[in-house]
$ cat protein34.txt   # compact mmCIF, C-alpha atoms
# COMPACT_ATOMS: atom_id res chain seq x y z
CA MET F 1 -12.99 9.44 -35.26
CA ALA F 2 -12.79 5.77 -34.27
CA ALA F 3 -16.03 4.07 -33.32
CA PRO F 4 -16.46 4.32 -29.53
CA ASP F 5 -15.97 1.24 -27.37
CA LEU F 6 -18.28 2.63 -24.69
CA ILE F 7 -21.03 5.24 -24.48
CA LEU F 8 -22.45 6.42 -21.16
CA HIS F 9 -25.76 8.12 -21.89
CA HIS F 10 -28.74 9.77 -20.21
CA ALA F 11 -26.38 10.96 -17.51
CA ASN F 12 -25.95 14.17 -15.56
CA ILE F 13 -22.32 14.81 -16.50
CA TYR F 14 -20.36 17.47 -14.63
CA THR F 15 -17.47 18.37 -16.91
CA VAL F 16 -15.47 20.84 -14.74
CA ASP F 17 -15.35 23.08 -17.83
CA GLU F 18 -16.78 26.58 -17.36
CA GLN F 19 -17.44 26.92 -21.09
CA PHE F 20 -19.25 23.57 -21.30
CA PRO F 21 -20.29 22.71 -17.73
CA SER F 22 -22.67 19.81 -18.36
CA ALA F 23 -23.50 17.07 -20.84
CA GLU F 24 -25.83 14.11 -21.26
CA ALA F 25 -23.56 11.52 -22.86
CA VAL F 26 -19.91 10.67 -23.34
CA ALA F 27 -18.21 8.37 -25.85
CA ILE F 28 -14.98 6.57 -24.98
CA SER F 29 -12.57 5.01 -27.46
CA GLY F 30 -9.81 2.95 -25.88
CA ASN F 31 -8.68 4.99 -22.90
CA ARG F 32 -9.70 8.37 -24.34
CA ILE F 33 -12.88 10.45 -24.29
CA SER F 34 -13.73 10.81 -27.97
CA ALA F 35 -16.98 12.78 -27.79
CA LEU F 36 -19.11 14.62 -25.26
CA GLY F 37 -22.52 16.20 -25.67
CA ARG F 38 -26.24 15.55 -25.93
CA ASN F 39 -27.75 12.08 -26.12
CA ALA F 40 -29.03 12.89 -29.61
CA ASP F 41 -25.49 13.69 -30.79
CA ILE F 42 -23.55 10.90 -29.08
CA LEU F 43 -25.80 7.82 -29.35
CA PRO F 44 -25.71 7.75 -33.20
CA LEU F 45 -21.93 7.20 -32.96
CA ALA F 46 -22.50 3.69 -31.59
CA THR F 47 -21.79 0.59 -33.64
CA LYS F 48 -22.66 -3.05 -33.00
CA LYS F 49 -19.48 -3.37 -30.95
CA THR F 50 -20.14 -0.33 -28.75
CA ARG F 51 -21.18 -1.02 -25.17
CA LEU F 52 -24.06 1.22 -24.09
CA ILE F 53 -24.72 2.08 -20.44
CA ASP F 54 -27.85 4.03 -19.52
CA LEU F 55 -27.11 5.98 -16.34
CA ASP F 56 -30.77 6.98 -15.95
CA GLY F 57 -29.97 10.52 -14.82
CA ARG F 58 -27.19 9.61 -12.40
CA LEU F 59 -24.37 12.05 -11.74
CA LEU F 60 -21.15 11.33 -13.64
CA LEU F 61 -17.95 13.06 -12.48
CA PRO F 62 -14.41 13.15 -13.85
CA GLY F 63 -11.97 10.92 -11.98
CA LEU F 64 -10.95 12.17 -8.55
CA CYS F 65 -7.37 12.90 -7.48
CA ASP F 66 -6.08 12.09 -3.99
CA ALA F 67 -3.81 15.03 -3.18
CA HIS F 68 -1.77 13.30 -0.45
CA ILE F 69 -1.26 9.56 -0.11
CA HIS F 70 1.63 7.26 0.82
CA LEU F 71 0.74 4.69 -1.81
CA TYR F 72 3.67 2.33 -1.27
CA TYR F 73 3.22 1.93 2.50
CA TRP F 74 -0.58 1.96 2.35
CA SER F 75 -0.51 -0.84 -0.22
CA LEU F 76 1.84 -2.92 1.92
CA ALA F 77 -0.17 -2.24 5.07
CA ARG F 78 -3.25 -3.69 3.36
CA LYS F 79 -1.32 -6.80 2.31
CA LEU F 80 0.71 -7.49 5.48
CA VAL F 81 -0.61 -8.42 8.93
CA ASP F 82 -3.17 -5.86 10.09
CA PHE F 83 -3.73 -5.47 13.85
CA LYS F 84 -5.77 -2.26 13.94
CA ASP F 85 -8.93 -3.93 15.32
CA CYS F 86 -7.06 -6.51 17.39
CA HIS F 87 -8.40 -6.79 20.96
CA SER F 88 -6.00 -9.25 22.61
CA LYS F 89 -2.53 -10.73 22.33
CA GLU F 90 -4.12 -14.07 21.44
CA GLU F 91 -5.95 -12.46 18.53
CA MET F 92 -2.70 -10.81 17.42
CA LEU F 93 -0.96 -14.18 17.32
CA ASN F 94 -3.91 -15.78 15.50
CA ARG F 95 -3.73 -13.13 12.79
CA ILE F 96 -0.02 -13.78 12.33
CA HIS F 97 -0.74 -17.50 12.04
CA ARG F 98 -3.41 -16.94 9.36
CA TRP F 99 -1.11 -14.65 7.37
CA LEU F 100 1.70 -17.20 7.44
CA GLU F 101 -0.59 -19.84 5.91
CA THR F 102 -0.62 -18.03 2.55
CA ALA F 103 2.50 -15.83 2.69
CA PRO F 104 5.52 -16.37 0.41
CA ALA F 105 8.00 -18.67 2.13
CA ASN F 106 10.96 -16.37 1.47
CA MET F 107 9.41 -13.32 3.10
CA TRP F 108 9.72 -11.85 6.59
CA ALA F 109 6.49 -11.70 8.55
CA SER F 110 5.62 -8.09 9.32
CA GLY F 111 2.69 -5.80 9.93
CA TRP F 112 1.31 -2.80 11.79
CA GLY F 113 -1.23 -1.69 14.32
CA TRP F 114 -1.07 -3.67 17.58
CA ASN F 115 -1.83 -1.73 20.76
CA GLU F 116 -1.66 -3.50 24.10
CA SER F 117 -3.59 -0.68 25.81
CA SER F 118 -6.78 -1.97 24.14
CA TRP F 119 -6.19 -5.54 25.40
CA PRO F 120 -7.79 -6.81 28.63
CA ASP F 121 -4.48 -7.68 30.34
CA LYS F 122 -2.40 -4.84 28.80
CA THR F 123 0.52 -7.29 28.44
CA LEU F 124 3.12 -6.39 25.84
CA PRO F 125 4.05 -9.04 23.25
CA THR F 126 7.53 -10.55 23.37
CA ARG F 127 9.84 -12.49 21.09
CA GLN F 128 8.77 -15.70 22.83
CA ASP F 129 5.14 -14.99 21.91
CA LEU F 130 6.11 -14.53 18.27
CA ASP F 131 8.41 -17.56 18.27
CA SER F 132 5.47 -19.75 19.28
CA ILE F 133 3.80 -18.87 15.96
CA THR F 134 6.64 -18.21 13.52
CA GLY F 135 9.01 -20.93 14.68
CA PRO F 136 12.80 -20.51 14.83
CA GLU F 137 13.47 -19.90 11.12
CA ARG F 138 11.04 -17.21 9.88
CA PRO F 139 12.11 -13.66 10.91
CA ALA F 140 9.28 -11.38 12.02
CA ILE F 141 8.76 -7.82 13.20
CA PHE F 142 5.49 -6.03 13.96
CA TRP F 143 5.03 -2.31 14.62
CA ARG F 144 2.85 -0.86 17.35
CA SER F 145 0.04 1.43 16.20
CA ASP F 146 2.04 4.59 17.02
CA MET F 147 5.08 3.32 15.04
CA HIS F 148 7.36 4.23 17.98
CA ALA F 149 7.69 0.60 19.12
CA ALA F 150 7.96 -2.79 17.49
CA VAL F 151 8.31 -6.40 18.58
CA ALA F 152 10.66 -8.80 16.79
CA ASN F 153 11.08 -12.53 17.12
CA THR F 154 14.31 -14.33 17.97
CA ALA F 155 15.24 -14.99 14.34
CA ALA F 156 14.99 -11.27 13.49
CA LEU F 157 17.02 -10.26 16.55
CA GLN F 158 19.74 -12.72 15.62
CA ILE F 159 19.93 -11.44 12.05
CA ALA F 160 20.21 -7.89 13.42
CA GLY F 161 22.97 -8.94 15.81
CA ILE F 162 20.96 -7.95 18.88
CA ALA F 163 22.28 -9.89 21.88
CA PRO F 164 22.44 -9.34 25.67
CA GLU F 165 25.69 -7.40 25.27
CA THR F 166 24.32 -5.12 22.52
CA ALA F 167 24.22 -1.52 23.68
CA ASP F 168 21.14 0.62 23.17
CA PRO F 169 21.59 2.76 20.04
CA GLU F 170 21.43 6.52 20.38
CA GLY F 171 17.78 7.52 20.36
CA GLY F 172 16.49 4.01 20.96
CA ILE F 173 15.99 1.31 23.59
CA ILE F 174 16.36 -2.46 23.39
CA VAL F 175 13.90 -3.66 26.04
CA ARG F 176 15.29 -6.49 28.19
CA ASP F 177 13.88 -9.08 30.57
CA GLU F 178 14.84 -9.47 34.23
CA ASN F 179 17.98 -11.38 33.20
CA GLY F 180 19.17 -8.69 30.80
CA ARG F 181 18.24 -10.57 27.63
CA PRO F 182 16.43 -8.69 24.81
CA ASN F 183 12.75 -9.60 25.04
CA GLY F 184 11.95 -8.57 21.46
CA LEU F 185 10.55 -5.11 22.14
CA LEU F 186 12.37 -2.26 20.40
CA LEU F 187 11.68 1.41 21.00
CA GLU F 188 12.24 4.35 18.67
CA LEU F 189 15.55 4.16 16.74
CA ALA F 190 16.35 0.70 18.08
CA ILE F 191 13.80 -0.55 15.53
CA ASN F 192 16.25 0.44 12.78
CA LEU F 193 18.69 -2.25 13.94
CA VAL F 194 16.25 -4.82 12.57
CA LEU F 195 14.78 -2.70 9.78
CA GLU F 196 18.20 -2.20 8.20
CA ARG F 197 18.65 -5.97 7.90
CA MET F 198 15.26 -6.73 6.38
CA PRO F 199 15.43 -7.88 2.76
CA LYS F 200 13.46 -6.15 0.04
CA ILE F 201 9.81 -7.05 -0.38
CA PRO F 202 9.54 -9.62 -3.22
CA GLU F 203 8.61 -7.89 -6.48
CA THR F 204 5.65 -10.14 -7.19
CA PHE F 205 4.22 -9.50 -3.71
CA LEU F 206 4.72 -5.74 -4.03
CA ASP F 207 3.20 -5.55 -7.50
CA GLN F 208 0.15 -7.50 -6.32
CA ALA F 209 -0.22 -5.24 -3.28
CA LEU F 210 -0.09 -2.12 -5.46
CA SER F 211 -2.52 -3.57 -7.99
CA GLU F 212 -5.05 -4.39 -5.28
CA SER F 213 -4.73 -0.91 -3.76
CA MET F 214 -5.15 0.77 -7.13
CA ALA F 215 -8.29 -1.29 -7.76
CA GLU F 216 -9.67 -0.18 -4.38
CA LEU F 217 -8.97 3.48 -5.18
CA ASN F 218 -10.51 3.09 -8.65
CA ARG F 219 -13.60 1.64 -7.00
CA PHE F 220 -14.11 4.97 -5.23
CA GLY F 221 -13.61 6.94 -8.44
CA ILE F 222 -9.99 7.88 -7.75
CA THR F 223 -7.94 7.86 -10.96
CA ALA F 224 -4.91 9.92 -9.91
CA VAL F 225 -2.82 10.38 -6.76
CA HIS F 226 0.00 12.53 -5.44
CA ASP F 227 2.40 10.05 -3.83
CA GLN F 228 4.14 11.75 -0.93
CA ARG F 229 7.38 11.28 1.03
CA MET F 230 9.42 9.18 -1.41
CA LYS F 231 12.52 9.63 0.73
CA ASP F 232 13.92 6.40 2.09
CA GLN F 233 15.30 3.28 0.45
CA GLU F 234 11.92 1.59 0.27
CA ASP F 235 9.36 4.15 -0.83
CA GLY F 236 11.94 5.65 -3.18
CA PRO F 237 13.56 3.24 -5.66
CA ALA F 238 11.41 0.23 -4.76
CA ALA F 239 8.20 2.15 -5.40
CA LEU F 240 9.47 3.76 -8.60
CA SER F 241 10.59 0.39 -9.96
CA ALA F 242 7.22 -1.16 -9.13
CA TYR F 243 5.31 1.66 -10.80
CA GLN F 244 7.45 1.28 -13.90
CA ARG F 245 6.87 -2.49 -14.03
CA LEU F 246 3.13 -2.01 -13.73
CA HIS F 247 3.19 0.68 -16.41
CA GLN F 248 5.16 -1.49 -18.83
CA ASN F 249 2.72 -4.35 -18.27
CA LYS F 250 -0.23 -1.95 -18.80
CA ASP F 251 -1.40 -2.64 -15.26
CA LEU F 252 -1.03 0.90 -13.90
CA THR F 253 -4.60 2.14 -13.37
CA LEU F 254 -3.69 5.42 -11.67
CA ARG F 255 -1.90 8.54 -12.79
CA ILE F 256 0.82 8.85 -10.16
CA ASN F 257 2.52 12.15 -9.38
CA CYS F 258 5.58 11.44 -7.25
CA ASN F 259 7.33 13.78 -4.83
CA ILE F 260 10.89 12.52 -5.16
CA ALA F 261 13.77 13.44 -2.85
CA ALA F 262 16.86 14.81 -4.61
CA HIS F 263 19.01 11.87 -3.51
CA HIS F 264 16.72 9.51 -5.46
CA LEU F 265 16.82 11.42 -8.75
CA HIS F 266 19.45 9.10 -10.21
CA HIS F 267 16.92 6.27 -10.04
CA LEU F 268 14.83 8.14 -12.61
CA SER F 269 17.58 7.93 -15.21
CA GLU F 270 18.27 4.29 -14.32
CA LEU F 271 14.60 3.49 -14.94
CA ARG F 272 14.54 5.76 -18.03
CA LEU F 273 11.70 7.82 -16.62

$ encode --input "protein34.txt" --output "structure tokens"
Amino acid sequence: MAAPDLILHHANIYTVDEQFPSAEAVAISGNRISALGRNADILPLATKKTRLIDLDGRLLLPGLCDAHIHLYYWSLARKLVDFKDCHSKEEMLNRIHRWLETAPANMWASGWGWNESSWPDKTLPTRQDLDSITGPERPAIFWRSDMHAAVANTAALQIAGIAPETADPEGGIIVRDENGRPNGLLLELAINLVLERMPKIPETFLDQALSESMAELNRFGITAVHDQRMKDQEDGPAALSAYQRLHQNKDLTLRINCNIAAHHLHHLSELRL
């Protein structure tokens, strides 16, 4: 057996093994548990290079598994503009401004969580509000907290081909001002008119978002997840490609079990999974 890199000792270890339910120390070599048992048996395995951590009787559990998470979208939500505790339209616009200061120049501005019902004046945001922050060149779209409405700026509407003469799509509404011009608000399936024209999230941005989310989960003792709802064009191939990149770079710190829709199975062979 290789000399352990790490020994956790004087711990209260719960093994989840009915035949061997508890232990005092564990030795780890690389990314594998190499020995488990009493302090008297495990500590002599240490060498000068072994890191020793005395847990002083603390409880040590195996890594936890999150049984249902949307890892791709949760990771992006943490990295994009977050409005969940936003209490006014002014604060919403300020958050967009701060995000733009450090965001990649080639990326659409987007985010989730605004809710005008929690604002003092209850006034809905419009494309003109967004334009005042994003300017005429940077496309932007931001979802309401219920995900049934979104507001887009003028650049995004133009890319989507949404004009005064554009008819409402089936199952959706393009909200218009008193002159019949789209005011930026999109309801239900009208959101897809813009969503379908959004470019892919840059790989470096996505990989960083996933890495930060995995680190946060690891911090809470979560070492495995079941990634749900890999159905659409984004949380299907984009997520699988990102996971594979992280794995190949040895940056994947979670075991990821993916629920994959049948129409995405060909991506597995393309990625050699």

$ closest_residue --input "protein34.txt" --among "F:Arg32, F:His148, F:Lys200, F:Arg58" --to "Asn106 (chain F)" --atoms "only C-alpha atoms"
F:Lys200

$ atom_distance --input "protein34.txt" --atom1 "CA of Leu195 (chain F)" --atom2 "CA of Gly180 (chain F)"
22.3 Å

$ closest_residue --input "protein34.txt" --among "F:Ala11, F:Ile28, F:Leu64, F:Pro202" --to "Ala105 (chain F)" --atoms "all atoms listed in the file"
F:Pro202

$ closest_residue --input "protein34.txt" --among "F:Asn12, F:Ser29, F:Thr154, F:Gln128" --to "Ala140 (chain F)" --atoms "all atoms listed in the file"
F:Thr154

$ residues_near_point --input "protein34.txt" --point "(4.0, -15.3, 16.8)" --cutoff "12 Å" --atoms "all atoms listed in the file" --output "PyMOL selection string"
chain F and resi 81+89-100+109-111+125-142+151-155+184

$ closest_residue --input "protein34.txt" --among "F:Ala190, F:Ile159, F:Met1, F:Leu61" --to "Trp108 (chain F)" --atoms "all atoms listed in the file"
F:Ile159

$ closest_residue --input "protein34.txt" --among "F:Ser211, F:Gln248, F:Asn115, F:Ser22" --to "Arg272 (chain F)" --atoms "all atoms listed in the file"
F:Gln248

$ atom_distance --input "protein34.txt" --atom1 "CA of Thr166 (chain F)" --atom2 "CA of Leu124 (chain F)"
21.5 Å

$ atom_distance --input "protein34.txt" --atom1 "CA of Glu203 (chain F)" --atom2 "CA of Tyr72 (chain F)"
12.5 Å

$ closest_residue --input "protein34.txt" --among "F:Leu8, F:Leu271, F:Leu187, F:Cys65" --to "Asp168 (chain F)" --atoms "only C-alpha atoms"
F:Leu187

$ residues_around --input "protein34.txt" --residues "Pro182 (chain F)" --least-positions-apart "6" --cutoff "7 Å" --atoms "all atoms listed in the file" --output "ChimeraX atom specification"
/F:163-164,174-176

$ residues_around --input "protein34.txt" --residues "Ser75 (chain F)" --least-positions-apart "6" --cutoff "10 Å" --atoms "only C-alpha atoms" --output "PDB file with C-alpha atoms, keeping the file's coordinate frame"
ATOM      1  CA  LEU F 206       4.720  -5.740  -4.030  1.00  0.00           C
ATOM      2  CA  ASP F 207       3.200  -5.550  -7.500  1.00  0.00           C
ATOM      3  CA  GLN F 208       0.150  -7.500  -6.320  1.00  0.00           C
ATOM      4  CA  ALA F 209      -0.220  -5.240  -3.280  1.00  0.00           C
ATOM      5  CA  LEU F 210      -0.090  -2.120  -5.460  1.00  0.00           C
ATOM      6  CA  SER F 211      -2.520  -3.570  -7.990  1.00  0.00           C
ATOM      7  CA  GLU F 212      -5.050  -4.390  -5.280  1.00  0.00           C
ATOM      8  CA  SER F 213      -4.730  -0.910  -3.760  1.00  0.00           C
ATOM      9  CA  MET F 214      -5.150   0.770  -7.130  1.00  0.00           C
TER      10      MET F 214
END

$ decode --input "protein34.txt" --residues "region 121-135 of chain F" --atoms "N, CA and C atoms" --output "compact mmCIF listing (two decimals), in the first residue's frame"
# COMPACT_ATOMS: atom_id res chain seq x y z
N ASP F 121 -43.03 51.26 -6.23
CA ASP F 121 -43.95 51.82 -7.22
C ASP F 121 -44.59 50.76 -8.12
N LYS F 122 -44.17 49.50 -7.98
CA LYS F 122 -44.75 48.37 -8.75
C LYS F 122 -44.64 48.57 -10.27
N THR F 123 -43.72 49.42 -10.73
CA THR F 123 -43.59 49.72 -12.16
C THR F 123 -42.74 48.68 -12.85
N LEU F 124 -43.25 48.13 -13.93
CA LEU F 124 -42.52 47.11 -14.68
C LEU F 124 -41.35 47.74 -15.43
N PRO F 125 -40.23 47.02 -15.55
CA PRO F 125 -39.10 47.53 -16.34
C PRO F 125 -39.41 47.45 -17.83
N THR F 126 -38.78 48.30 -18.60
CA THR F 126 -38.98 48.34 -20.05
C THR F 126 -37.64 48.31 -20.76
N ARG F 127 -37.71 48.20 -22.09
CA ARG F 127 -36.48 48.20 -22.87
C ARG F 127 -35.73 49.52 -22.72
N GLN F 128 -36.47 50.62 -22.57
CA GLN F 128 -35.82 51.92 -22.39
C GLN F 128 -35.02 51.96 -21.09
N ASP F 129 -35.56 51.35 -20.04
CA ASP F 129 -34.82 51.27 -18.78
C ASP F 129 -33.50 50.53 -18.98
N LEU F 130 -33.58 49.39 -19.65
CA LEU F 130 -32.37 48.59 -19.88
C LEU F 130 -31.39 49.33 -20.79
N ASP F 131 -31.91 49.97 -21.83
CA ASP F 131 -31.05 50.69 -22.77
C ASP F 131 -30.20 51.75 -22.06
N SER F 132 -30.77 52.35 -21.02
CA SER F 132 -30.04 53.41 -20.31
C SER F 132 -28.80 52.87 -19.61
N ILE F 133 -28.75 51.56 -19.39
CA ILE F 133 -27.60 50.93 -18.73
C ILE F 133 -26.72 50.19 -19.73
N THR F 134 -27.33 49.43 -20.62
CA THR F 134 -26.56 48.58 -21.53
C THR F 134 -26.05 49.33 -22.75
N GLY F 135 -26.69 50.44 -23.11
CA GLY F 135 -26.36 51.12 -24.34
C GLY F 135 -26.99 50.42 -25.53
